[in-house]
Amino acid sequence: MEFNKLVEDYGCLAFTDDVMKERIPKSTYKAFHESLDKGEELSKECATVIANAMKIWAVEHGATHFTHWFTPMTGLTAEKHDAFLEPDGPKAVLEFSGKTLRKGEPDASSFPSGGLRATFEARGYTAWDCTSPAFVKDGTLYIPTLFCSYTGEALDKKTPLLRSCDALSKAACRLLPLIGVEGVTKVSASVGAEQEYFLVDDKYYQERMDLKLTGRTLFGAMAPKGQELEDHYFGSLKRKVAAFMKDLDAELWKYGIPSKTKHNEVAPAQHEVACVYAKVNITTDNNHLLMQIAQDIAKKHGLRCLLHEKPFAGVNGSGKHDNWSVITNTGINLFNPGKNPEENKPFLAALACTIKAVDEYAEILRMSIASAGNDHRLGANEAPPAIISMFLGEELDKVVEDICTGKKSDHEEIGRFDTGVSVVPTFSKDNTDRNRTSPFAFTGNKFEFRAVGSAQSVAGPNTILNSMLAEEMTQMAYAIEGGKSFEEVVKEFISEHKRIIFNGDGYSAEWEEEAKRRGLPNHKNTVDALKCLKDPKYIDMLDRQGVYTKVEIASRYEILLDNYIKTIQVEALTAVKMVKTQIYPAACDYLAKVSSEVVAAKEAGIPAAFLTEDATKLATLLQETKDKLTTLENNIAKAQASEEEIFEVATMWRDDVFGMMQSLRETVDTIEELVDDSYWPIPTYVDLLFGI
């Protein structure tokens with residue numbers, strides 16, 4: 001019975017294609033899919049029928065309101081709830097028209113626009129994304145939508161993503177017939193997202209101003225135990241954590257979100273949930289919903305789910321591994337090498353184009369995962385370095401080398417793994433190992449983009465991945481149409497761009513030097529990473545592919561820098577307040593206690609040099625804290641008052657403000673290790689990491 005219920009409940013809160021098929025006439029259903037297949041606008045009549053069916057279904061599932069659910073440039077989702085109920089004289093009726101389904105009009109003035117519109121220009125539009133299923137959550141029908149300005153510019157993350165999907169499909173459908181693959185009318189990016197997160201006890205969270213306001217700990221000395229014993233990774237689940245995970249899975253499955261894997265991650269209190277792949281825009285919506293649901297369910301269990309890339313210094317941060325593949329409507333995975341990859345034309349074409357794309361557009365790929373939070377994580381021995389490179393593995397490396405040299409070397413058959421235990425049968429190995437230090441690694445039949453931050457939307461990185469692959473497939477098609485042979489073009493693409501391939505240790509100092517010799521960019525922070533949005537090479541490509549207009553790219557440059565500035569400002573002001581009102585007074589109280597003990601010891605004639613030494617050391621550190629705090633406040637004021645161009649202002653916040661925050665933290669964390677626990681005003685890393 002439980003098994004049947006598990007299956008029956010899957011997707012019960014989503015208005016899936018199957019639900020739609022059951023609830024609307026066959027002719028309407030057929031017309032709906034024809035418009036999807038042809039990329040044509042849905043008729044008003046069709047939208048009206050679907051809207052009515054959707055309303056009835058939603059009300060049956062407890063909905064009283066509906067909302068157009070979209071992803072503005074805040075990095076979060078947005079929603080405005082309207083009731084189905086409409087007054088009709090002394091009574092009321094339930095109204096939800098086709099026009100309401102297709103279009104909404106939220107106030108656009110308070111969302112980031114990067115200069116696309118003035119504050120007084122309030123009108124914006126949401127448009128139904130009919131490729132992603134609506135769902136009911138907490139009594140509201142959620143309708144996934146795009147968000148655009150009155151003049152048509154994209155004000156969200158989904159519109160460019162869907163444009164990139166169109167660009168990729170168009171380019172691939174042009175290229176594939178040129179290499180002998182017929183019958184392909186659509187090509188889609190398919191993505192599976194792995195979400196890492198931390199769980200902490202809510203009572204400790206409530207006592208940490210920094211966690212509540214910034215999502216990360218701005219201060220905190222390392223606990224005596226961290227992750228050095230490697231005992232948390234894949235370890236047994238604590239009961240409270242297991243109960244949270246069970247409820248999370250049950251809730252995700254109701255929305256048709258294919259949560260498949262859950263486990264403890266490397267750091268104490270760190271965990272992961274991974275979902276099976278789906279079309280990229282659906283995975284994007286699913287991941288946004290997953291993050292919301294995880295935070296909601298954590299609260300019900302007396303926990304808090306932290307999605308920040310680096311909530312705790314000194315232990316692993318969190319990423320969101322983006323498993324990206326490209327599938328034709330005829331069922332071909334272009335990243336599946338098959339048994340003979342050197343003879344697999346679709347695979348070789350996709351591989352060559354991807355190698356060229358990642359090399360030529362490494363900077364903009366790095367930009368796509370840039371954020372103040374992710375800056376803490378990249379290259380910190382739990383995440384790939386900021387240097388973008390590709391890992392292919394031994395087998396594909398030989399294929400690439402053969403293509404470049406024009407020779408055919410002997411390829412060893414993929415071996416079988418023998419445990420040496422008589423009762424355990426041997427089993428075949430994968431055709432590549434996994435390189436956890438590579439930001440962009442081939443993992444059998446897909447590429448895993450491991451540099452995406454845990455709090456980020458996967459829309460941005462996948463928009464860039466789709467766009468750059470579309471560009472290179474277009475270039476390959478041009479070359480073949482111009483008379484070059486397929487083999488010639490593949491060799492050219494790989495030979496000229498194989499510098500991006502690196503199969504070694506991405507954490508090593510030697511790789512950083514080697515990458516520099518190869519001419520690969522190494523942007524270690526968000527401010528530097530965003531400079532590429534001013535480069536005509538990237539602007540022209542994205543404009544040429546129809547993904548972003550030049551005006552939209554300029555707006556993203558402004559929005560992302562402004563977001564960085566505001567993030568650092570909130571963190572800096574929070575750090576100042578914590579030191580002034582919590583940490584400094586508590587440390588002074590403890591200093592007074594030690595000082596009184598020094599006086600008492602001297603009056604009693606007891607040698608107390610050790611107490612004097614403790615008091616002097618603490619007093620010196622408190623003076624250092626006071627000095628650094630003053631400098632930090634001055635630097636904040638200068639950055640706030642600056643009238644320089646936004647890039648220069650962001651640089652000030654990075655160098656002068658964030659740099660001083662780090663210096664202040666070092667002193668405060670040293671003080672924490674000297675002060676009696678009963679005096680320390682905020683929960684420690686021992687509490688937070690081991691308190692569940």
# chains A, B, ... in the order shown; residues from 1 in each chain; ligands from 1
$ closest_atom_pairs --of "range 580-689 of chain A" --to "range 544-561 of chain A" --cutoff "10 Å" --atoms "only C-alpha atoms" --output "Markdown table"
| residue | atom | partner | partner_atom | distance |
| --- | --- | --- | --- | --- |
| A:Ile646 | CA | A:Leu561 | CA | 7.1 |
| A:Phe647 | CA | A:Leu561 | CA | 7.0 |
| A:Val649 | CA | A:Leu561 | CA | 9.0 |
| A:Ala650 | CA | A:Leu561 | CA | 6.5 |
| A:Thr651 | CA | A:Leu561 | CA | 9.6 |
$ closest_residue --among "A:Leu199, A:Met390, A:Ile50, A:Ile671" --to "Leu306 in chain A" --atoms "only C-alpha atoms"
A:Leu199
$ select_by_dssp --residues "range 183-376 of chain A" --states "alpha helix (DSSP H)" --output "number ranges by chain"
A: 202-206, 209-214, 239-254, 280-300, 345-360, 362-367, 372-375
$ closest_residue --among "A:Tyr584, A:Met652, A:Ile606, A:Ala278" --to "Glu624 in chain A" --atoms "only C-alpha atoms"
A:Tyr584
$ residues_around --residues "range 440-451 of chain A" --least-positions-apart "5" --cutoff "6 Å" --atoms "only C-alpha atoms" --output "ChimeraX atom specification"
/A:321-325,335-336,390-392
$ closest_residue --among "A:Phe690, A:Leu542, A:Lys299, A:Ala637" --to "Gln227 in chain A" --atoms "only C-alpha atoms"
A:Phe690
$ residues_around --residues "Lys566 in chain A" --least-positions-apart "3" --cutoff "12 Å" --atoms "only C-alpha atoms" --output "number ranges by chain"
A: 74, 214, 371-372, 559-563, 569-573, 636, 639-640, 646, 649-650, 653-654, 657-658
$ write_last_selection --atoms "N, CA, C and O atoms" --output "short mmCIF file (atom, residue, chain, number, x, y, z; two decimals), in the first residue's frame"
data_model
loop_
_atom_site.label_atom_id
_atom_site.label_comp_id
_atom_site.auth_asym_id
_atom_site.auth_seq_id
_atom_site.Cartn_x
_atom_site.Cartn_y
_atom_site.Cartn_z
N THR A 74 17.42 39.57 -8.77
CA THR A 74 17.82 39.54 -7.36
C THR A 74 18.55 38.25 -7.02
O THR A 74 19.22 38.15 -6.00
N THR A 214 23.39 37.59 6.70
CA THR A 214 24.29 37.39 5.55
C THR A 214 24.35 35.96 5.05
O THR A 214 24.87 35.71 3.96
N SER A 371 30.09 35.29 -7.78
CA SER A 371 29.28 35.93 -6.74
C SER A 371 30.17 36.14 -5.53
O SER A 371 31.20 35.48 -5.37
N ALA A 372 29.76 37.06 -4.67
CA ALA A 372 30.54 37.31 -3.45
C ALA A 372 30.66 36.05 -2.62
O ALA A 372 31.70 35.78 -2.01
N ILE A 559 24.06 45.41 -12.73
CA ILE A 559 23.32 44.69 -11.68
C ILE A 559 24.25 43.80 -10.86
O ILE A 559 24.19 43.79 -9.63
N LEU A 560 25.12 43.06 -11.53
CA LEU A 560 25.98 42.11 -10.82
C LEU A 560 27.02 42.83 -9.96
O LEU A 560 27.33 42.38 -8.85
N LEU A 561 27.56 43.94 -10.47
CA LEU A 561 28.50 44.71 -9.65
C LEU A 561 27.78 45.34 -8.46
O LEU A 561 28.30 45.36 -7.34
N ASP A 562 26.58 45.85 -8.71
CA ASP A 562 25.80 46.47 -7.64
C ASP A 562 25.44 45.43 -6.58
O ASP A 562 25.50 45.72 -5.37
N ASN A 563 25.10 44.22 -7.01
CA ASN A 563 24.79 43.15 -6.06
C ASN A 563 26.01 42.80 -5.22
O ASN A 563 25.90 42.58 -4.00
N GLN A 569 28.61 45.28 1.59
CA GLN A 569 28.18 46.33 2.51
C GLN A 569 27.38 45.75 3.67
O GLN A 569 27.62 46.09 4.84
N VAL A 570 26.43 44.87 3.37
CA VAL A 570 25.63 44.25 4.44
C VAL A 570 26.53 43.45 5.37
O VAL A 570 26.40 43.51 6.60
N GLU A 571 27.47 42.69 4.80
CA GLU A 571 28.39 41.90 5.63
C GLU A 571 29.24 42.81 6.51
O GLU A 571 29.45 42.53 7.70
N ALA A 572 29.75 43.90 5.93
CA ALA A 572 30.63 44.79 6.68
C ALA A 572 29.88 45.48 7.82
O ALA A 572 30.38 45.56 8.96
N LEU A 573 28.67 45.97 7.55
CA LEU A 573 27.89 46.63 8.59
C LEU A 573 27.49 45.65 9.69
O LEU A 573 27.43 46.01 10.87
N ILE A 636 34.35 51.84 5.05
CA ILE A 636 32.94 51.72 4.63
C ILE A 636 32.40 53.08 4.22
O ILE A 636 31.76 53.23 3.18
N ALA A 639 33.78 54.19 0.87
CA ALA A 639 33.18 53.44 -0.24
C ALA A 639 31.75 53.89 -0.49
O ALA A 639 31.32 54.03 -1.64
N GLN A 640 31.01 54.14 0.58
CA GLN A 640 29.63 54.59 0.45
C GLN A 640 29.54 55.97 -0.20
O GLN A 640 28.60 56.27 -0.94
N ILE A 646 31.15 52.49 -11.32
CA ILE A 646 30.73 51.37 -10.48
C ILE A 646 31.82 50.31 -10.31
O ILE A 646 31.96 49.71 -9.24
N VAL A 649 34.15 51.54 -7.64
CA VAL A 649 33.50 51.45 -6.33
C VAL A 649 33.53 50.00 -5.83
O VAL A 649 33.84 49.73 -4.67
N ALA A 650 33.21 49.05 -6.72
CA ALA A 650 33.24 47.63 -6.35
C ALA A 650 34.65 47.22 -5.92
O ALA A 650 34.82 46.44 -4.98
N TRP A 653 35.19 48.30 -2.34
CA TRP A 653 34.53 47.39 -1.39
C TRP A 653 35.30 46.08 -1.27
O TRP A 653 35.43 45.53 -0.17
N ARG A 654 35.85 45.60 -2.38
CA ARG A 654 36.62 44.35 -2.35
C ARG A 654 37.93 44.52 -1.58
O ARG A 654 38.26 43.73 -0.69
N VAL A 657 37.29 47.36 2.06
CA VAL A 657 36.29 46.94 3.05
C VAL A 657 36.39 45.45 3.35
O VAL A 657 36.61 45.05 4.50
N PHE A 658 36.25 44.62 2.32
CA PHE A 658 36.31 43.18 2.56
C PHE A 658 37.69 42.78 3.09
O PHE A 658 37.79 41.94 4.00
#
$ closest_residue --among "A:Met245, A:Ile332, A:Ala352, A:Val19" --to "Thr261 in chain A" --atoms "only C-alpha atoms"
A:Met245
$ residues_around --residues "Asp231 in chain A" --least-positions-apart "4" --cutoff "9 Å" --atoms "only C-alpha atoms" --output "PyMOL selection string"
chain A and resi 227+235+266+268
